[in-house]
file input-v8.json (JSON, C-alpha atoms)
[["chain", "number", "residue", "atom", "x", "y", "z"],
["A", 1, "MET", "CA", -27.17, -59.30, -87.60],
["A", 2, "SER", "CA", -24.09, -61.54, -87.57],
["A", 3, "ALA", "CA", -24.29, -65.25, -86.82],
["A", 4, "GLU", "CA", -22.21, -64.76, -83.67],
["A", 5, "ARG", "CA", -24.55, -62.08, -82.37],
["A", 6, "ILE", "CA", -27.54, -64.38, -82.94],
["A", 7, "TYR", "CA", -25.72, -67.17, -81.11],
["A", 8, "ARG", "CA", -24.93, -64.83, -78.18],
["A", 9, "LEU", "CA", -28.67, -64.09, -77.94],
["A", 10, "LEU", "CA", -29.50, -67.81, -78.07],
["A", 11, "LEU", "CA", -27.08, -68.43, -75.20],
["A", 12, "HIS", "CA", -29.64, -66.76, -72.90],
["A", 13, "ALA", "CA", -31.47, -70.11, -72.93],
["A", 14, "TYR", "CA", -28.74, -71.34, -70.54],
["A", 15, "PRO", "CA", -28.61, -70.51, -66.83],
["A", 16, "PRO", "CA", -26.66, -67.30, -66.03],
["A", 17, "GLU", "CA", -24.05, -69.18, -63.94],
["A", 18, "PHE", "CA", -23.36, -71.56, -66.83],
["A", 19, "ARG", "CA", -23.13, -68.65, -69.30],
["A", 20, "ALA", "CA", -20.69, -66.86, -67.02],
["A", 21, "GLU", "CA", -18.49, -69.96, -66.75],
["A", 22, "TYR", "CA", -18.61, -71.32, -70.31],
["A", 23, "GLY", "CA", -20.20, -68.57, -72.46],
["A", 24, "ARG", "CA", -16.88, -67.28, -73.85],
["A", 25, "GLU", "CA", -15.67, -70.82, -74.66],
["A", 26, "MET", "CA", -18.98, -71.63, -76.36],
["A", 27, "VAL", "CA", -18.78, -68.51, -78.52],
["A", 28, "LEU", "CA", -15.19, -69.41, -79.48],
["A", 29, "LEU", "CA", -16.31, -72.90, -80.45],
["A", 30, "PHE", "CA", -19.26, -71.48, -82.40],
["A", 31, "ARG", "CA", -16.84, -69.16, -84.22],
["A", 32, "ASP", "CA", -14.76, -72.22, -85.18],
["A", 33, "GLN", "CA", -17.88, -73.95, -86.46],
["A", 34, "CYS", "CA", -18.82, -70.87, -88.50],
["A", 35, "ARG", "CA", -15.37, -70.91, -90.17],
["A", 36, "GLU", "CA", -15.88, -74.47, -91.35],
["A", 37, "SER", "CA", -19.59, -74.42, -92.21],
["A", 38, "ASP", "CA", -21.96, -72.35, -94.29],
["A", 39, "VAL", "CA", -23.90, -70.31, -91.76],
["A", 40, "ARG", "CA", -26.50, -69.38, -94.39],
["A", 41, "THR", "CA", -27.91, -72.91, -94.56],
["A", 42, "VAL", "CA", -30.98, -74.08, -92.67],
["A", 43, "GLY", "CA", -29.13, -77.26, -91.66],
["A", 44, "PHE", "CA", -26.47, -75.30, -89.76],
["A", 45, "TRP", "CA", -29.02, -73.37, -87.69],
["A", 46, "ALA", "CA", -31.16, -76.47, -87.19],
["A", 47, "ALA", "CA", -28.12, -78.17, -85.61],
["A", 48, "VAL", "CA", -27.48, -75.11, -83.42],
["A", 49, "ILE", "CA", -31.11, -75.01, -82.23],
["A", 50, "ARG", "CA", -31.14, -78.79, -81.67],
["A", 51, "ASP", "CA", -28.00, -78.54, -79.52],
["A", 52, "ILE", "CA", -29.48, -75.75, -77.40],
["A", 53, "ALA", "CA", -32.86, -77.51, -77.09],
["A", 54, "ARG", "CA", -31.09, -80.70, -75.93],
["A", 55, "SER", "CA", -28.70, -79.18, -73.41],
["A", 56, "ALA", "CA", -30.27, -75.97, -72.02],
["A", 57, "PRO", "CA", -33.34, -77.47, -70.23],
["A", 58, "ALA", "CA", -31.20, -80.05, -68.38],
["A", 59, "LEU", "CA", -28.72, -77.36, -67.32],
["A", 60, "ARG", "CA", -31.60, -75.13, -66.17],
["A", 61, "VAL", "CA", -32.95, -77.99, -64.03],
["A", 62, "GLU", "CA", -29.46, -78.63, -62.59],
["A", 63, "ALA", "CA", -29.03, -74.94, -61.74],
["A", 64, "TRP", "CA", -32.47, -74.88, -60.08],
["A", 65, "ARG", "CA", -31.57, -77.99, -58.04],
["A", 66, "ALA", "CA", -28.26, -76.43, -57.00],
["A", 67, "ARG", "CA", -30.08, -73.30, -55.82],
["A", 68, "ARG", "CA", -32.60, -75.45, -53.91],
["A", 69, "SER", "CA", -29.74, -77.35, -52.29],
["A", 70, "GLU", "CA", -28.19, -74.01, -51.28],
["A", 71, "ASN", "CA", -31.52, -72.97, -49.72],
["A", 72, "THR", "CA", -31.62, -76.25, -47.77],
["A", 73, "ARG", "CA", -28.16, -75.50, -46.39],
["A", 74, "THR", "CA", -29.35, -72.00, -45.38],
["A", 75, "VAL", "CA", -32.30, -73.55, -43.52],
["A", 76, "GLU", "CA", -29.85, -75.86, -41.69],
["A", 77, "VAL", "CA", -27.80, -72.85, -40.57],
["A", 78, "ILE", "CA", -30.96, -71.06, -39.38],
["A", 79, "MET", "CA", -31.99, -74.19, -37.46],
["A", 80, "LYS", "CA", -28.59, -74.35, -35.74],
["A", 81, "LEU", "CA", -28.89, -70.70, -34.73],
["A", 82, "ALA", "CA", -32.41, -71.38, -33.43],
["A", 83, "ALA", "CA", -31.07, -74.35, -31.46],
["A", 84, "ILE", "CA", -28.41, -72.14, -29.84],
["A", 85, "LEU", "CA", -31.12, -69.59, -29.00],
["A", 86, "THR", "CA", -33.26, -72.35, -27.51],
["A", 87, "LEU", "CA", -30.34, -73.52, -25.38],
["A", 88, "LEU", "CA", -29.74, -69.99, -24.09],
["A", 89, "VAL", "CA", -33.45, -69.39, -23.41],
["A", 90, "GLY", "CA", -33.69, -72.76, -21.65],
["A", 91, "VAL", "CA", -30.75, -71.92, -19.36],
["A", 92, "PHE", "CA", -32.08, -68.38, -18.82],
["A", 93, "GLY", "CA", -35.56, -69.74, -17.99],
["A", 94, "ILE", "CA", -34.23, -72.19, -15.41],
["A", 95, "VAL", "CA", -31.96, -69.59, -13.77],
["A", 96, "ASN", "CA", -34.73, -66.97, -13.77],
["A", 97, "THR", "CA", -37.24, -69.36, -12.16],
["A", 98, "MET", "CA", -34.71, -70.47, -9.54],
["A", 99, "ILE", "CA", -33.99, -66.83, -8.64],
["A", 100, "GLU", "CA", -37.73, -66.11, -8.39],
["A", 101, "TRP", "CA", -38.17, -69.21, -6.26],
["A", 102, "THR", "CA", -35.41, -68.29, -3.80],
["A", 103, "ALA", "CA", -36.42, -64.59, -3.69],
["A", 104, "GLY", "CA", -40.12, -65.29, -3.24],
["A", 105, "GLY", "CA", -39.62, -67.58, -0.24],
["A", 106, "THR", "CA", -42.58, -69.81, 0.65],
["A", 107, "GLY", "CA", -45.54, -68.86, -1.54],
["A", 108, "SER", "CA", -48.79, -70.63, -2.26],
["A", 109, "ILE", "CA", -48.80, -74.25, -3.50],
["A", 110, "GLU", "CA", -49.97, -73.04, -6.94],
["A", 111, "HIS", "CA", -47.05, -70.60, -7.13],
["A", 112, "SER", "CA", -44.52, -73.29, -6.14],
["A", 113, "LEU", "CA", -46.07, -75.69, -8.65],
["A", 114, "ALA", "CA", -45.96, -73.03, -11.38],
["A", 115, "LEU", "CA", -42.28, -72.40, -10.67],
["A", 116, "GLY", "CA", -41.59, -76.16, -10.72],
["A", 117, "LEU", "CA", -43.35, -76.46, -14.06],
["A", 118, "SER", "CA", -41.37, -73.48, -15.41],
["A", 119, "VAL", "CA", -38.08, -75.14, -14.40],
["A", 120, "CYS", "CA", -39.17, -78.33, -16.17],
["A", 121, "ALA", "CA", -40.22, -76.32, -19.26],
["A", 122, "GLY", "CA", -36.82, -74.61, -19.28],
["A", 123, "ALA", "CA", -35.08, -78.00, -18.98],
["A", 124, "LEU", "CA", -37.15, -79.33, -21.88],
["A", 125, "LEU", "CA", -36.26, -76.28, -23.99],
["A", 126, "LEU", "CA", -32.64, -77.01, -23.15],
["A", 127, "ALA", "CA", -33.09, -80.65, -24.22],
["A", 128, "ALA", "CA", -34.80, -79.55, -27.46],
["A", 129, "GLY", "CA", -31.90, -77.23, -28.25],
["A", 130, "VAL", "CA", -29.37, -80.00, -27.59],
["A", 131, "ALA", "CA", -31.37, -82.48, -29.73],
["A", 132, "ILE", "CA", -31.63, -80.11, -32.70],
["A", 133, "PHE", "CA", -28.06, -78.87, -32.40],
["A", 134, "LEU", "CA", -26.24, -82.15, -31.86],
["A", 135, "ARG", "CA", -28.40, -84.41, -34.02],
["A", 136, "PRO", "CA", -29.64, -82.52, -37.07],
["A", 137, "SER", "CA", -31.01, -85.83, -38.44],
["A", 138, "GLU", "CA", -34.73, -86.72, -38.62],
["A", 139, "ARG", "CA", -34.47, -88.56, -35.26],
["A", 140, "GLY", "CA", -32.86, -85.50, -33.65],
["A", 141, "ARG", "CA", -35.61, -83.27, -35.02],
["A", 142, "GLN", "CA", -38.28, -85.70, -33.77],
["A", 143, "ALA", "CA", -36.77, -85.64, -30.25],
["A", 144, "GLY", "CA", -36.64, -81.83, -30.47],
["A", 145, "ARG", "CA", -40.31, -81.68, -31.50],
["A", 146, "LEU", "CA", -41.38, -83.84, -28.53],
["A", 147, "ALA", "CA", -39.32, -81.78, -26.07],
["A", 148, "LEU", "CA", -40.74, -78.52, -27.48],
["A", 149, "LEU", "CA", -44.30, -79.83, -27.32],
["A", 150, "ALA", "CA", -43.84, -80.98, -23.71],
["A", 151, "SER", "CA", -42.24, -77.63, -22.83],
["A", 152, "LEU", "CA", -45.20, -75.80, -24.38],
["A", 153, "VAL", "CA", -47.71, -77.88, -22.38],
["A", 154, "LEU", "CA", -45.80, -77.25, -19.14],
["A", 155, "ILE", "CA", -45.47, -73.49, -19.66],
["A", 156, "VAL", "CA", -49.21, -73.21, -20.47],
["A", 157, "ALA", "CA", -49.99, -75.21, -17.31],
["A", 158, "ALA", "CA", -47.65, -72.93, -15.32],
["A", 159, "ARG", "CA", -49.37, -69.86, -16.81],
["A", 160, "LEU", "CA", -52.80, -71.21, -15.78],
["A", 161, "LEU", "CA", -51.56, -71.86, -12.24],
["A", 162, "HIS", "CA", -49.73, -68.53, -11.99],
["A", 163, "PRO", "CA", -51.66, -65.83, -13.95],
["A", 164, "TRP", "CA", -49.13, -63.14, -12.94],
["A", 165, "MET", "CA", -46.43, -64.54, -15.19],
["A", 166, "SER", "CA", -44.58, -61.70, -16.98],
["A", 167, "VAL", "CA", -45.46, -60.90, -20.60],
["A", 168, "LEU", "CA", -41.84, -61.52, -21.65],
["A", 169, "SER", "CA", -41.82, -64.97, -20.01],
["A", 170, "GLN", "CA", -45.09, -65.83, -21.78],
["A", 171, "LEU", "CA", -43.80, -64.60, -25.13],
["A", 172, "VAL", "CA", -40.57, -66.55, -24.83],
["A", 173, "GLY", "CA", -42.01, -69.62, -23.12],
["A", 174, "ILE", "CA", -44.94, -70.02, -25.52],
["A", 175, "GLY", "CA", -43.82, -68.17, -28.65],
["A", 176, "LEU", "CA", -40.39, -69.77, -29.03],
["A", 177, "PRO", "CA", -41.55, -73.43, -28.89],
["A", 178, "ILE", "CA", -44.41, -72.67, -31.32],
["A", 179, "ALA", "CA", -42.03, -70.94, -33.76],
["A", 180, "LEU", "CA", -39.53, -73.80, -33.54],
["A", 181, "LEU", "CA", -42.26, -76.42, -33.94],
["A", 182, "ILE", "CA", -43.44, -74.70, -37.12],
["A", 183, "ALA", "CA", -39.82, -74.61, -38.37],
["A", 184, "LEU", "CA", -39.27, -78.29, -37.55],
["A", 185, "TYR", "CA", -42.50, -79.38, -39.24],
["A", 186, "TRP", "CA", -41.80, -77.24, -42.33],
["A", 187, "PRO", "CA", -41.46, -79.56, -45.37],
["A", 188, "ARG", "CA", -37.79, -80.23, -46.21],
["A", 189, "LYS", "CA", -36.52, -81.45, -49.55],
["A", 190, "HIS", "CA", -33.24, -83.24, -50.19],
["A", 191, "SER", "CA", -30.79, -82.32, -52.90],
["A", 192, "THR", "CA", -30.53, -84.68, -55.88],
["A", 193, "LEU", "CA", -27.53, -82.99, -57.38],
["A", 194, "GLY", "CA", -24.71, -85.27, -58.47],
["A", 195, "ALA", "CA", -26.81, -87.78, -60.35],
["A", 196, "ALA", "CA", -25.64, -86.35, -63.66],
["A", 197, "GLY", "CA", -23.05, -88.19, -65.66],
["B", 1, "MET", "CA", -13.20, -84.23, -47.53],
["B", 2, "VAL", "CA", -15.46, -84.12, -50.59],
["B", 3, "ALA", "CA", -12.55, -85.16, -52.83],
["B", 4, "LYS", "CA", -11.85, -88.14, -50.56],
["B", 5, "ARG", "CA", -15.49, -89.25, -50.78],
["B", 6, "ARG", "CA", -15.37, -88.96, -54.59],
["B", 7, "ALA", "CA", -12.15, -90.94, -54.80],
["B", 8, "ALA", "CA", -13.67, -93.68, -52.67],
["B", 9, "ARG", "CA", -16.56, -94.12, -55.13],
["B", 10, "PRO", "CA", -15.81, -97.15, -57.36],
["B", 11, "PRO", "CA", -15.59, -96.37, -61.11],
["B", 12, "GLU", "CA", -18.37, -98.90, -61.85],
["B", 13, "THR", "CA", -20.91, -96.70, -60.03],
["B", 14, "TYR", "CA", -20.61, -94.09, -62.82],
["B", 15, "LEU", "CA", -21.66, -96.63, -65.48],
["B", 16, "PRO", "CA", -23.25, -96.73, -67.97],
["B", 17, "LEU", "CA", -21.93, -93.45, -69.32],
["B", 18, "PRO", "CA", -24.03, -91.39, -71.73],
["B", 19, "PRO", "CA", -22.54, -91.69, -75.27],
["B", 20, "ALA", "CA", -21.44, -88.02, -75.35],
["B", 21, "THR", "CA", -19.64, -88.39, -72.02],
["B", 22, "PHE", "CA", -17.85, -91.57, -73.14],
["B", 23, "HIS", "CA", -16.69, -89.88, -76.35],
["B", 24, "ILE", "CA", -15.37, -86.84, -74.43],
["B", 25, "LEU", "CA", -13.44, -89.03, -71.97],
["B", 26, "LEU", "CA", -12.09, -91.10, -74.85],
["B", 27, "ALA", "CA", -10.90, -87.94, -76.62],
["B", 28, "LEU", "CA", -9.07, -86.83, -73.47],
["B", 29, "ALA", "CA", -7.45, -90.25, -72.87],
["B", 30, "ASP", "CA", -4.27, -89.37, -74.84],
["B", 31, "GLU", "CA", -3.71, -85.69, -74.12],
["B", 32, "GLU", "CA", -5.31, -82.56, -72.76],
["B", 33, "LEU", "CA", -7.49, -80.77, -75.28],
["B", 34, "HIS", "CA", -9.62, -77.63, -75.61],
["B", 35, "GLY", "CA", -13.32, -77.72, -76.47],
["B", 36, "TYR", "CA", -13.00, -77.44, -80.24],
["B", 37, "ALA", "CA", -10.27, -80.11, -80.36],
["B", 38, "ILE", "CA", -12.53, -82.46, -78.35],
["B", 39, "MET", "CA", -15.38, -81.79, -80.77],
["B", 40, "LYS", "CA", -13.17, -82.47, -83.80],
["B", 41, "ASP", "CA", -11.71, -85.64, -82.23],
["B", 42, "VAL", "CA", -15.17, -87.05, -81.48],
["B", 43, "ALA", "CA", -16.46, -86.25, -84.97],
["B", 44, "ALA", "CA", -13.37, -87.81, -86.62],
["B", 45, "ARG", "CA", -13.40, -90.98, -84.49],
["B", 46, "SER", "CA", -17.11, -91.58, -85.05],
["B", 47, "ASP", "CA", -16.89, -90.84, -88.80],
["B", 48, "GLY", "CA", -19.13, -87.83, -88.27],
["B", 49, "THR", "CA", -21.97, -89.82, -86.71],
["B", 50, "VAL", "CA", -21.52, -88.12, -83.30],
["B", 51, "ARG", "CA", -21.47, -84.34, -83.51],
["B", 52, "LEU", "CA", -21.23, -82.50, -80.22],
["B", 53, "GLY", "CA", -22.58, -78.95, -80.23],
["B", 54, "PRO", "CA", -21.18, -76.33, -77.84],
["B", 55, "GLY", "CA", -24.08, -76.77, -75.39],
["B", 56, "THR", "CA", -23.81, -80.56, -75.21],
["B", 57, "LEU", "CA", -20.01, -80.42, -74.97],
["B", 58, "TYR", "CA", -19.73, -77.80, -72.23],
["B", 59, "GLY", "CA", -22.77, -79.17, -70.36],
["B", 60, "SER", "CA", -21.03, -82.57, -70.23],
["B", 61, "LEU", "CA", -17.68, -81.01, -69.29],
["B", 62, "LYS", "CA", -19.34, -79.09, -66.44],
["B", 63, "ARG", "CA", -20.74, -82.37, -65.02],
["B", 64, "LEU", "CA", -17.45, -84.21, -65.54],
["B", 65, "LEU", "CA", -15.57, -81.43, -63.71],
["B", 66, "ALA", "CA", -18.10, -81.56, -60.87],
["B", 67, "GLU", "CA", -17.72, -85.35, -60.59],
["B", 68, "GLY", "CA", -13.92, -85.10, -60.64],
["B", 69, "LEU", "CA", -13.51, -87.16, -63.82],
["B", 70, "VAL", "CA", -12.00, -84.24, -65.72],
["B", 71, "ALA", "CA", -9.82, -81.34, -64.54],
["B", 72, "GLU", "CA", -8.95, -78.00, -66.08],
["B", 73, "GLY", "CA", -5.45, -77.90, -67.50],
["B", 74, "GLY", "CA", -5.06, -74.13, -67.76],
["B", 75, "GLU", "CA", -5.66, -71.56, -70.50],
["B", 76, "ARG", "CA", -3.44, -71.01, -73.49],
["B", 77, "ALA", "CA", -3.63, -70.30, -77.22],
["B", 78, "ASP", "CA", -3.75, -73.29, -79.56],
["B", 79, "PRO", "CA", -0.38, -73.37, -81.42],
["B", 80, "ASP", "CA", -2.15, -74.73, -84.55],
["B", 81, "ARG", "CA", -4.84, -72.07, -84.58],
["B", 82, "GLY", "CA", -2.83, -69.25, -82.99],
["B", 83, "ASP", "CA", -5.88, -67.29, -81.93],
["B", 84, "GLU", "CA", -7.51, -66.53, -78.59],
["B", 85, "ARG", "CA", -6.60, -68.34, -75.38],
["B", 86, "ARG", "CA", -8.62, -71.50, -74.82],
["B", 87, "ARG", "CA", -9.31, -73.54, -71.73],
["B", 88, "TYR", "CA", -7.78, -77.01, -71.81],
["B", 89, "TYR", "CA", -9.22, -80.10, -70.13],
["B", 90, "ARG", "CA", -7.48, -83.29, -69.01],
["B", 91, "LEU", "CA", -8.54, -86.65, -67.65],
["B", 92, "THR", "CA", -8.06, -87.30, -63.91],
["B", 93, "PRO", "CA", -6.96, -90.74, -62.60],
["B", 94, "LEU", "CA", -10.61, -91.32, -61.61],
["B", 95, "GLY", "CA", -11.76, -90.32, -65.11],
["B", 96, "LEU", "CA", -9.26, -92.77, -66.61],
["B", 97, "SER", "CA", -10.57, -95.59, -64.37],
["B", 98, "VAL", "CA", -14.15, -94.76, -65.34],
["B", 99, "VAL", "CA", -13.49, -94.66, -69.10],
["B", 100, "ARG", "CA", -11.57, -97.97, -68.79],
["B", 101, "ALA", "CA", -14.47, -99.54, -66.88],
["B", 102, "GLU", "CA", -16.94, -98.31, -69.53],
["B", 103, "ALA", "CA", -14.71, -99.66, -72.34],
["B", 104, "ARG", "CA", -14.57, -103.05, -70.57],
["B", 105, "ARG", "CA", -18.36, -103.01, -70.18],
["B", 106, "LEU", "CA", -18.87, -102.23, -73.87],
["B", 107, "ALA", "CA", -16.27, -104.88, -74.87],
["B", 108, "ALA", "CA", -18.16, -107.48, -72.80],
["B", 109, "MET", "CA", -21.37, -106.53, -74.61],
["B", 110, "VAL", "CA", -19.64, -106.85, -78.00],
["B", 111, "ARG", "CA", -18.30, -110.30, -77.00],
["B", 112, "ALA", "CA", -21.83, -111.35, -76.01],
["B", 113, "ALA", "CA", -23.17, -110.13, -79.37],
["B", 114, "ARG", "CA", -20.40, -112.08, -81.15],
["B", 115, "ARG", "CA", -21.27, -115.26, -79.24],
["B", 116, "LYS", "CA", -24.85, -114.83, -80.43],
["B", 117, "LYS", "CA", -23.46, -114.30, -83.94],
["B", 118, "LEU", "CA", -25.20, -110.93, -84.14],
["B", 119, "ILE", "CA", -21.98, -109.35, -85.45],
["B", 120, "GLY", "CA", -19.04, -110.78, -87.39],
["B", 121, "VAL", "CA", -16.99, -113.48, -85.67],
["B", 122, "ARG", "CA", -13.39, -112.69, -84.83],
["B", 123, "PRO", "CA", -11.04, -113.81, -87.64],
["B", 124, "ALA", "CA", -8.96, -116.85, -86.64]]

call {"tool": "encode", "arguments": {"input": "input-v8.json", "output": "structure tokens"}}
result
Amino acid sequence: MSAERIYRLLLHAYPPEFRAEYGREMVLLFRDQCRESDVRTVGFWAAVIRDIARSAPALRVEAWRARRSENTRTVEVIMKLAAILTLLVGVFGIVNTMIEWTAGGTGSIEHSLALGLSVCAGALLLAAGVAIFLRPSERGRQAGRLALLASLVLIVAARLLHPWMSVLSQLVGIGLPIALLIALYWPRKHSTLGAAG
Amino acid sequence: MVAKRRAARPPETYLPLPPATFHILLALADEELHGYAIMKDVAARSDGTVRLGPGTLYGSLKRLLAEGLVAEGGERADPDRGDERRRYYRLTPLGLSVVRAEARRLAAMVRAARRKKLIGVRPA
């Protein structure tokens, strides 16, 4: 097996992205080294192994951090989409409740109270969506969490007052805030890329 | 936008530079070079005490490119070697400021060592 072929195998210690970008250049440089050194000596291969052992782990860590940073950005995009969905559901909830209110005419006090609570829950969902969408900072997320929690409490109270609430309304009104709360409380890590020098 | 933010970062914030990084920037201070020429320049200037392997060299170059201290100068064959095309690297204005700042920092340390008579005093 030629020295270059061995070196090509050793290059697998580096992350694939790094190999794709610099692999050819590294092999060229290794070829230059081979021309000027005796590849049959232990010292030559010790230097090669030392170089790989020094550089590959750090580059692996950097590649892992870059991937983690990319995942964080993906989560941010998902959160923005969820915020838009929350806004739409909030508007839809308010409009739907208002239509039900006007169509139903004068119902029982419990029914009117349940509709009032549903409107408030819809408004809170709307506020949560705005908070998450416009302020993706920790403070924005905290405001979103509070609005979602309050919305959840109101929709549960409305459900208790008005047991004939549709299954879809219950799924959206209770399921969406719970799902978003889980997403907002999910541990988030910050990228540390760029500290290298 | 990212480039603007990088340019706004003062050169002193990159200091101290790791020895390999300083040697690479120093090698690129005069002209753009390919990897093997950088390696040879560093070995010659340090009397063989600093030997950059391919992994250390390209790992450092990758970081320097990401930080905007070094830029790629295109691919061409080395007229002296006349073989395969090689990627050339050059110093950016930011890279030049950083290597100057590091040189000043090291010079200040040498002056301090001289004042303490730890190394030879400057001839009169």

call {"tool": "closest_residue", "arguments": {"input": "input-v8.json", "among": "B:Val110, B:Leu33, B:Leu52, B:Val42", "to": "chain A", "atoms": "all atoms listed in the file"}}
result
B:Leu52

call {"tool": "interface_residues", "arguments": {"input": "input-v8.json", "of": "chain A", "to": "chain B", "cutoff": "9 Å", "atoms": "only C-alpha atoms", "output": "ChimeraX atom specification"}}
result
/A:11,14,18,22,25-30,32-33,47-48,50-56,58-59,194,196-197

call {"tool": "write_last_selection", "arguments": {"input": "input-v8.json", "atoms": "C-alpha atoms", "output": "mmCIF file, in the coordinates of the input"}}
result
data_model
loop_
_atom_site.group_PDB
_atom_site.id
_atom_site.type_symbol
_atom_site.label_atom_id
_atom_site.label_comp_id
_atom_site.auth_asym_id
_atom_site.auth_seq_id
_atom_site.Cartn_x
_atom_site.Cartn_y
_atom_site.Cartn_z
ATOM 1 C CA LEU A 11 -27.080 -68.430 -75.200
ATOM 2 C CA TYR A 14 -28.740 -71.340 -70.540
ATOM 3 C CA PHE A 18 -23.360 -71.560 -66.830
ATOM 4 C CA TYR A 22 -18.610 -71.320 -70.310
ATOM 5 C CA GLU A 25 -15.670 -70.820 -74.660
ATOM 6 C CA MET A 26 -18.980 -71.630 -76.360
ATOM 7 C CA VAL A 27 -18.780 -68.510 -78.520
ATOM 8 C CA LEU A 28 -15.190 -69.410 -79.480
ATOM 9 C CA LEU A 29 -16.310 -72.900 -80.450
ATOM 10 C CA PHE A 30 -19.260 -71.480 -82.400
ATOM 11 C CA ASP A 32 -14.760 -72.220 -85.180
ATOM 12 C CA GLN A 33 -17.880 -73.950 -86.460
ATOM 13 C CA ALA A 47 -28.120 -78.170 -85.610
ATOM 14 C CA VAL A 48 -27.480 -75.110 -83.420
ATOM 15 C CA ARG A 50 -31.140 -78.790 -81.670
ATOM 16 C CA ASP A 51 -28.000 -78.540 -79.520
ATOM 17 C CA ILE A 52 -29.480 -75.750 -77.400
ATOM 18 C CA ALA A 53 -32.860 -77.510 -77.090
ATOM 19 C CA ARG A 54 -31.090 -80.700 -75.930
ATOM 20 C CA SER A 55 -28.700 -79.180 -73.410
ATOM 21 C CA ALA A 56 -30.270 -75.970 -72.020
ATOM 22 C CA ALA A 58 -31.200 -80.050 -68.380
ATOM 23 C CA LEU A 59 -28.720 -77.360 -67.320
ATOM 24 C CA GLY A 194 -24.710 -85.270 -58.470
ATOM 25 C CA ALA A 196 -25.640 -86.350 -63.660
ATOM 26 C CA GLY A 197 -23.050 -88.190 -65.660
#

call {"tool": "axis_aligned_box", "arguments": {"input": "input-v8.json", "around": "range 96-114 of chain B", "padding_each_side": "8 Å", "output": "lines of an AutoDock Vina configuration file"}}
result
center_x = -16.2
center_y = -102.4
center_z = -72.8
size_x = 29.9
size_y = 35.3
size_z = 32.8

call {"tool": "residues_around", "arguments": {"input": "input-v8.json", "residues": "Leu134 in chain A", "least_positions_apart": "5", "cutoff": "12 Å", "atoms": "only C-alpha atoms", "output": "list in words"}}
result
Met79, Lys80, Ala83, Ile84, Leu87, Leu126, Ala127, Ala128, Gly129, Arg139, Gly140, Arg141, Ala143 and Gly144 of chain A

call {"tool": "closest_residue", "arguments": {"input": "input-v8.json", "among": "B:Leu94, B:Val70, B:Ile38, B:Leu26", "to": "Arg9 in chain B", "atoms": "all atoms listed in the file"}}
result
B:Leu94

call {"tool": "closest_residue", "arguments": {"input": "input-v8.json", "among": "B:Leu91, B:Val98, B:Leu28, B:Leu118", "to": "Leu65 in chain B", "atoms": "all atoms listed in the file"}}
result
B:Leu91

call {"tool": "atom_distance", "arguments": {"input": "input-v8.json", "atom1": "CA of Leu115 in chain A", "atom2": "CA of Thr97 in chain A"}}
result
6.1 Å

call {"tool": "atom_distance", "arguments": {"input": "input-v8.json", "atom1": "CA of Ile94 in chain A", "atom2": "CA of Leu184 in chain A"}}
result
23.5 Å

call {"tool": "atom_distance", "arguments": {"input": "input-v8.json", "atom1": "CA of Arg45 in chain B", "atom2": "CA of Ala107 in chain B"}}
result
17.1 Å

call {"tool": "closest_residue", "arguments": {"input": "input-v8.json", "among": "A:Leu160, A:Cys34, A:Leu88, A:Ala103", "to": "Ala123 in chain A", "atoms": "only C-alpha atoms"}}
result
A:Leu88

call {"tool": "closest_residue", "arguments": {"input": "input-v8.json", "among": "B:Gly48, B:Ala101, B:Glu32, B:Met109", "to": "Glu72 in chain B", "atoms": "all atoms listed in the file"}}
result
B:Glu32

call {"tool": "residues_around", "arguments": {"input": "input-v8.json", "residues": "Ala82 in chain A", "least_positions_apart": "4", "cutoff": "9 Å", "atoms": "all atoms listed in the file", "output": "list in words"}}
result
Val77, Ile78, Thr86, Leu87, Gly129, Ile132, Phe133 and Leu180 of chain A

call {"tool": "build_atoms", "arguments": {"input": "input-v8.json", "residues": "range 64-72 of chain B", "atoms": "N, CA and C atoms", "output": "short mmCIF file (atom, residue, chain, number, x, y, z; two decimals), in the frame of the given file"}}
result
data_model
loop_
_atom_site.label_atom_id
_atom_site.label_comp_id
_atom_site.auth_asym_id
_atom_site.auth_seq_id
_atom_site.Cartn_x
_atom_site.Cartn_y
_atom_site.Cartn_z
N LEU B 64 -18.66 -83.41 -65.74
CA LEU B 64 -17.45 -84.21 -65.54
C LEU B 64 -16.49 -83.52 -64.57
N LEU B 65 -16.42 -82.19 -64.65
CA LEU B 65 -15.57 -81.43 -63.71
C LEU B 65 -16.13 -81.56 -62.30
N ALA B 66 -17.46 -81.47 -62.19
CA ALA B 66 -18.10 -81.56 -60.87
C ALA B 66 -17.90 -82.94 -60.24
N GLU B 67 -17.88 -83.97 -61.09
CA GLU B 67 -17.72 -85.35 -60.59
C GLU B 67 -16.25 -85.70 -60.37
N GLY B 68 -15.35 -84.85 -60.82
CA GLY B 68 -13.92 -85.10 -60.64
C GLY B 68 -13.34 -86.07 -61.66
N LEU B 69 -14.03 -86.27 -62.78
CA LEU B 69 -13.51 -87.16 -63.82
C LEU B 69 -12.59 -86.40 -64.79
N VAL B 70 -12.80 -85.10 -64.84
CA VAL B 70 -12.00 -84.24 -65.72
C VAL B 70 -11.52 -83.05 -64.89
N ALA B 71 -10.33 -82.54 -65.23
CA ALA B 71 -9.82 -81.34 -64.54
C ALA B 71 -9.41 -80.31 -65.57
N GLU B 72 -9.38 -79.05 -65.16
CA GLU B 72 -8.95 -78.00 -66.08
C GLU B 72 -7.44 -77.98 -66.13
#
